[in-house]
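Here the structure comes first, spelled out in structure tokens, and everything after it is commentary.
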Amino acid sequence: MDHELKNQLELRRVDEQYLDQYDELLSYVFQVTEEDVESSGYEDKREMMRAKKPVLEQSKVFGWFHNDSLISQIAIYPCEVNIHGKIFQMGGVTGVGTYPEYANHGLMKDLIQLALIEMRKDKQWISYLYPYNIPYYRRKGWEIMSDKLSFKIRDTQLPKQVEVPGMVERKGVDDPDVYKVYDQFALRNHGAMIRKELNWEEYWRFENEEERTAAIYYDHHGEPMGVLFYWISEEVFHVKEMFYLNQEARNGLWNFISAHFSMVYWAQGDIYKNEPLSFLLDDSEIKETIAPYFMARIVDVEEFLKEYPFAKQVEPFYFEVTDPVADWNNGIFGVRWSEDSELIVSNEPQGHRIKLSIQTLTCLLMNYRRALYLARIERLEADKATLQLLEETLPDMEAYFSDYF
């Protein structure tokens with residue numbers, strides 16, 4: 001049946017003339033209503049489609065067509081991310097969808113495989129995506145890389161004012177100082193998106209323009225050091241995101257939130273890092289929820305390892321990797337350093353053996369979970385000496401990712 005159906009279909013590149021069909025498919029699959037569109041600040045779906053056009057122009061979009069009707073699709077959004085201090089080209093998978101009458105025929109499997117081939121051609125050695133179905137994407141080689149922590153605090157639990165030498169100013173979210181702080185922040189935080197103009201447009205796409213304010217903390221030299229995106233509605237202080245370059249700026253921004261004590265009953269928002277807020281508060285009895293946010297996948301193991309910024313040179317080791325979709329990732333990937341401290345990646349099984357899947361390798365190298373834990377839950381096979389070696393050579397910073405595409 002699958003073979004008979006596919007004989008009637010054509011797999012090809014989706015260009016701008018199919019923009020309407022592209023958005024209609026997404027709207028159907030994710031049940032986007034006119035009310036959803038209007039609440040995000042757009043007048044109607046057509047306006048939203050026009051706003052999405054630049055993303056489609058820069059992305060590679062592939063789809064299955066039936067009599068020139070787009071029935072299944074996937075988009076690769078070109079991005080840059082910071083992986084432990086090194087900038088990588090990243091293929092952001094988005095716009096994924098198939099009409100239900102064409103589901104379960106392997107159409108998306110073919111599209112994902114093609115997307116990985118295209119990302120590999122474009123030297124995008126890693127891919128991110130927002131998962132609407134974690135088990136499905138795990139079967140295709142992606143794994144959780146970051147969490148989103150949501151919090152809710154009573155006005156009486158807001159932090160006490162901490163004396164800081166600087167001050168906060170309220171400005172527009174497109175103020176140059178916002179970009180200045182974020183650019184520095186992204187270069188310091190593993191996993192973060194290096195935002196260009198289009199990335200910023202995507203970041204704000206589904207936010208109502210009336211709910212966009214930036215509070216910027218300036219130190220005593222007048223240098224911007226922290227940013228808070230927020231809005232106030234129905235006596236609730238909403239935190240969209242807070243990013244800062246030092247603890248002084250963090251304290252200054254929380255001082256600003258606490259200064260709204262007489263105006264709000266609650267403060268709530270999101271933190272895009274495994275950093276429980278409760279530990280930092282005097283009154284820690286607050287409500288916090290942690291949910292997986294984004295997933296990642298190494299597209300090409302060999303090339304990713306060649307660029308990976310290991311923290312320390314150690315004895316030779318090798319990964320024995322299995323990949324359910326990308327055949328080129330199945331096999332041995334040896335890691336060693338030459339006498340001149342040059343990193344060498346080969347297919348030779350030298351030194352310590354580490355057996356794992358592409359999902360677990362991604363989890364390990366993105367530092368979502370450490371080697372000792374992954375071995376304990378039997379996601380990784382290695383002896384104790386090898387686990388200690390991995391603990392020494394892999395950078396220990398959790399991923400921060402707050403974008404959406």
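Residue numbering restarts at 1 for every chain of the structure tokens, chains are lettered A, B, ... in their displayed order, and ligands are numbered from 1 as they appear.
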
Range 82-99 of chain A environment, 7 Å, only C-alpha atoms, sequence neighbours closer than 3 positions dropped, as a PyMOL selection string:
chain A and resi 25-26+29+71-79+102-103+119+123-129+186-188+190-194+309+395+405

Using DSSP on the backbone coordinates, identify the residues of range 71-284 of chain A assigned to alpha helix (DSSP H); present them as a VMD selection string.
chain A and resid 107 to 121 134 to 139 176 to 188 197 to 204 247 to 258

Restrict the selected residues to N, CA and C atoms and save them as a short mmCIF file (atom, residue, chain, number, x, y, z; two decimals), in the first residue's frame.
```
data_model
loop_
_atom_site.label_atom_id
_atom_site.label_comp_id
_atom_site.auth_asym_id
_atom_site.auth_seq_id
_atom_site.Cartn_x
_atom_site.Cartn_y
_atom_site.Cartn_z
N LEU A 107 6.02 8.79 5.02
CA LEU A 107 6.37 10.03 4.32
C LEU A 107 7.31 10.91 5.15
N MET A 108 7.02 11.05 6.45
CA MET A 108 7.85 11.89 7.29
C MET A 108 9.23 11.26 7.51
N LYS A 109 9.30 9.96 7.57
CA LYS A 109 10.59 9.29 7.70
C LYS A 109 11.50 9.66 6.54
N ASP A 110 10.94 9.65 5.33
CA ASP A 110 11.73 10.03 4.15
C ASP A 110 12.14 11.49 4.22
N LEU A 111 11.24 12.35 4.67
CA LEU A 111 11.55 13.77 4.76
C LEU A 111 12.65 14.04 5.79
N ILE A 112 12.60 13.36 6.92
CA ILE A 112 13.62 13.54 7.95
C ILE A 112 14.97 13.07 7.45
N GLN A 113 15.00 11.95 6.76
CA GLN A 113 16.26 11.45 6.22
C GLN A 113 16.82 12.44 5.19
N LEU A 114 15.96 12.97 4.33
CA LEU A 114 16.41 13.97 3.36
C LEU A 114 16.90 15.23 4.06
N ALA A 115 16.21 15.64 5.12
CA ALA A 115 16.63 16.83 5.86
C ALA A 115 18.02 16.64 6.46
N LEU A 116 18.30 15.47 7.00
CA LEU A 116 19.62 15.20 7.57
C LEU A 116 20.69 15.22 6.48
N ILE A 117 20.38 14.69 5.32
CA ILE A 117 21.34 14.72 4.20
C ILE A 117 21.63 16.16 3.80
N GLU A 118 20.59 16.98 3.74
CA GLU A 118 20.77 18.39 3.36
C GLU A 118 21.55 19.15 4.42
N MET A 119 21.26 18.90 5.69
CA MET A 119 22.01 19.57 6.75
C MET A 119 23.48 19.19 6.69
N ARG A 120 23.74 17.94 6.41
CA ARG A 120 25.13 17.48 6.30
C ARG A 120 25.84 18.18 5.14
N LYS A 121 25.16 18.34 4.02
CA LYS A 121 25.73 19.06 2.88
C LYS A 121 26.08 20.50 3.26
N ILE A 134 7.83 13.83 21.80
CA ILE A 134 9.19 13.44 22.17
C ILE A 134 9.52 12.01 21.77
N PRO A 135 8.65 11.01 22.05
CA PRO A 135 8.99 9.64 21.65
C PRO A 135 9.26 9.50 20.15
N TYR A 136 8.48 10.19 19.33
CA TYR A 136 8.67 10.10 17.88
C TYR A 136 10.05 10.60 17.48
N TYR A 137 10.43 11.77 17.97
CA TYR A 137 11.72 12.33 17.58
C TYR A 137 12.89 11.58 18.19
N ARG A 138 12.67 10.99 19.35
CA ARG A 138 13.72 10.12 19.90
C ARG A 138 13.99 8.94 18.96
N ARG A 139 12.94 8.39 18.40
CA ARG A 139 13.10 7.27 17.46
C ARG A 139 13.85 7.70 16.21
N PRO A 176 19.06 49.04 21.21
CA PRO A 176 20.39 48.48 20.91
C PRO A 176 21.06 47.81 22.11
N ASP A 177 20.79 48.32 23.31
CA ASP A 177 21.42 47.73 24.49
C ASP A 177 20.88 46.33 24.80
N VAL A 178 19.65 46.05 24.37
CA VAL A 178 19.11 44.70 24.51
C VAL A 178 19.96 43.73 23.70
N TYR A 179 20.22 44.10 22.45
CA TYR A 179 21.02 43.24 21.58
C TYR A 179 22.45 43.11 22.09
N LYS A 180 22.98 44.21 22.61
CA LYS A 180 24.35 44.21 23.12
C LYS A 180 24.51 43.21 24.26
N VAL A 181 23.57 43.23 25.19
CA VAL A 181 23.64 42.30 26.33
C VAL A 181 23.44 40.86 25.86
N TYR A 182 22.42 40.65 25.01
CA TYR A 182 22.16 39.27 24.59
C TYR A 182 23.33 38.69 23.81
N ASP A 183 23.95 39.48 22.93
CA ASP A 183 25.07 38.97 22.15
C ASP A 183 26.19 38.48 23.06
N GLN A 184 26.49 39.24 24.11
CA GLN A 184 27.52 38.81 25.06
C GLN A 184 27.06 37.58 25.84
N PHE A 185 25.79 37.59 26.24
CA PHE A 185 25.22 36.47 26.99
C PHE A 185 25.29 35.18 26.18
N ALA A 186 24.91 35.24 24.90
CA ALA A 186 24.89 34.05 24.05
C ALA A 186 26.29 33.47 23.87
N LEU A 187 27.29 34.33 23.81
CA LEU A 187 28.66 33.85 23.64
C LEU A 187 29.21 33.23 24.92
N ARG A 188 28.56 33.48 26.05
CA ARG A 188 29.01 32.93 27.33
C ARG A 188 28.21 31.68 27.74
N GLU A 197 18.93 39.17 12.88
CA GLU A 197 17.67 39.91 12.80
C GLU A 197 16.47 38.99 12.66
N LEU A 198 16.57 37.99 11.77
CA LEU A 198 15.45 37.09 11.56
C LEU A 198 15.16 36.24 12.80
N ASN A 199 16.22 35.87 13.54
CA ASN A 199 16.02 35.10 14.78
C ASN A 199 15.24 35.92 15.80
N TRP A 200 15.56 37.22 15.86
CA TRP A 200 14.82 38.09 16.78
C TRP A 200 13.36 38.21 16.34
N GLU A 201 13.12 38.29 15.04
CA GLU A 201 11.74 38.36 14.55
C GLU A 201 10.97 37.11 14.94
N GLU A 202 11.60 35.95 14.82
CA GLU A 202 10.95 34.70 15.20
C GLU A 202 10.70 34.64 16.70
N TYR A 203 11.65 35.17 17.46
CA TYR A 203 11.54 35.17 18.92
C TYR A 203 10.27 35.89 19.37
N TRP A 204 9.92 36.99 18.68
CA TRP A 204 8.77 37.80 19.08
C TRP A 204 7.52 37.50 18.28
N GLN A 247 25.98 38.58 38.58
CA GLN A 247 24.99 38.50 39.65
C GLN A 247 24.49 39.88 40.08
N GLU A 248 25.32 40.87 39.90
CA GLU A 248 24.87 42.23 40.21
C GLU A 248 23.66 42.59 39.35
N ALA A 249 23.75 42.27 38.07
CA ALA A 249 22.64 42.57 37.16
C ALA A 249 21.42 41.74 37.52
N ARG A 250 21.65 40.49 37.88
CA ARG A 250 20.53 39.62 38.29
C ARG A 250 19.81 40.24 39.50
N ASN A 251 20.59 40.65 40.50
CA ASN A 251 19.99 41.27 41.69
C ASN A 251 19.25 42.56 41.33
N GLY A 252 19.82 43.33 40.43
CA GLY A 252 19.19 44.58 40.04
C GLY A 252 17.86 44.35 39.35
N LEU A 253 17.79 43.32 38.51
CA LEU A 253 16.53 43.03 37.81
C LEU A 253 15.48 42.48 38.76
N TRP A 254 15.89 41.66 39.73
CA TRP A 254 14.93 41.17 40.72
C TRP A 254 14.48 42.30 41.65
N ASN A 255 15.36 43.27 41.92
CA ASN A 255 14.94 44.46 42.66
C ASN A 255 13.81 45.17 41.93
N PHE A 256 13.94 45.24 40.61
CA PHE A 256 12.92 45.89 39.78
C PHE A 256 11.59 45.15 39.87
N ILE A 257 11.65 43.82 39.81
CA ILE A 257 10.42 43.03 39.93
C ILE A 257 9.79 43.25 41.30
N SER A 258 10.61 43.19 42.35
CA SER A 258 10.10 43.33 43.72
C SER A 258 9.52 44.72 43.96
#
```

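Nearest residue to Ile216 in chain A among A:Lys196, A:Lys152, A:Lys171, A:Asn7 is A:Lys171, counting only C-alpha atoms.
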
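Comparing A:Phe151, A:Tyr318, A:Tyr18, A:Tyr308 by their smallest distance to Ala291 in chain A, the closest is A:Phe151 (using only C-alpha atoms).
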
Might you pull out every residue within 12 Å of Glu391 in chain A, with only C-alpha atoms counted and same-chain residues fewer than 6 positions away left off, and present them as a ChimeraX atom specification?
/A:310-314,364-365,367,369-375,384-385

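Considering the residues A:Ser69, A:Glu241, A:Phe62, A:Phe261 and counting only C-alpha atoms, Gln21 in chain A has its shortest atom-to-atom contact with A:Ser69.
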
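Here the question is which of A:Asn189, A:Asn246, A:Glu315, A:His221 gets nearest to Ser341 in chain A using only C-alpha atoms, and that residue is A:Glu315.
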
DSSP-assigned strand (DSSP E or B) members of range 133-229 of chain A, reported as a PyMOL selection string:
chain A and resi 143-154+167-171+193+213-218+224-229

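All residues of protein, DNA or RNA that reach within 10 Å of Leu158 in chain A, judged by only C-alpha atoms and not counting those fewer than 2 positions away in the chain, are Ile153, Arg154, Asp155, Thr156, Lys160, Gln161, Trp254, Asn255, Ile257, Ser258, Ala259, His260, Phe261, Trp266, Ala267, Leu281, Asp282 and Asp283 of chain A.
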
Could you please determine the separation between CA of Gly351 in chain A and CA of Pro316 in chain A in Å, to one decimal place?
4.8 Å

Between CA of Asn274 in chain A and CA of Leu389 in chain A, what is the distance, to one decimal in Å?
24.3 Å

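Across the structure, CA of Glu163 in chain A and CA of Arg212 in chain A are spaced 27.0 Å apart.
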
Spatial neighbours of His220 in chain A, max dist 8 Å, only C-alpha atoms, sep filter under 5 positions, as a PDB file with N, CA, C and O atoms, in the first residue's frame:
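The new file out00.pdb reads:
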```pdb
ATOM      1  N   PRO A 165      24.985  48.955  42.794  1.00  0.00           N
ATOM      2  CA  PRO A 165      25.488  50.285  42.415  1.00  0.00           C
ATOM      3  C   PRO A 165      24.851  50.859  41.160  1.00  0.00           C
ATOM      4  O   PRO A 165      24.978  52.059  40.893  1.00  0.00           O
ATOM      5  N   GLY A 166      24.161  50.019  40.381  1.00  0.00           N
ATOM      6  CA  GLY A 166      23.575  50.479  39.129  1.00  0.00           C
ATOM      7  C   GLY A 166      22.087  50.748  39.242  1.00  0.00           C
ATOM      8  O   GLY A 166      21.530  50.843  40.337  1.00  0.00           O
ATOM      9  N   MET A 167      21.423  50.841  38.083  1.00  0.00           N
ATOM     10  CA  MET A 167      19.994  51.114  38.069  1.00  0.00           C
ATOM     11  C   MET A 167      19.349  50.476  36.833  1.00  0.00           C
ATOM     12  O   MET A 167      20.027  50.106  35.873  1.00  0.00           O
TER      13      MET A 167
END
```

I'd like to know which of A:Gly141, A:Gly269, A:Gly226, A:Pro349 is closest to Asp323 in chain A, using only C-alpha atoms.
A:Gly141
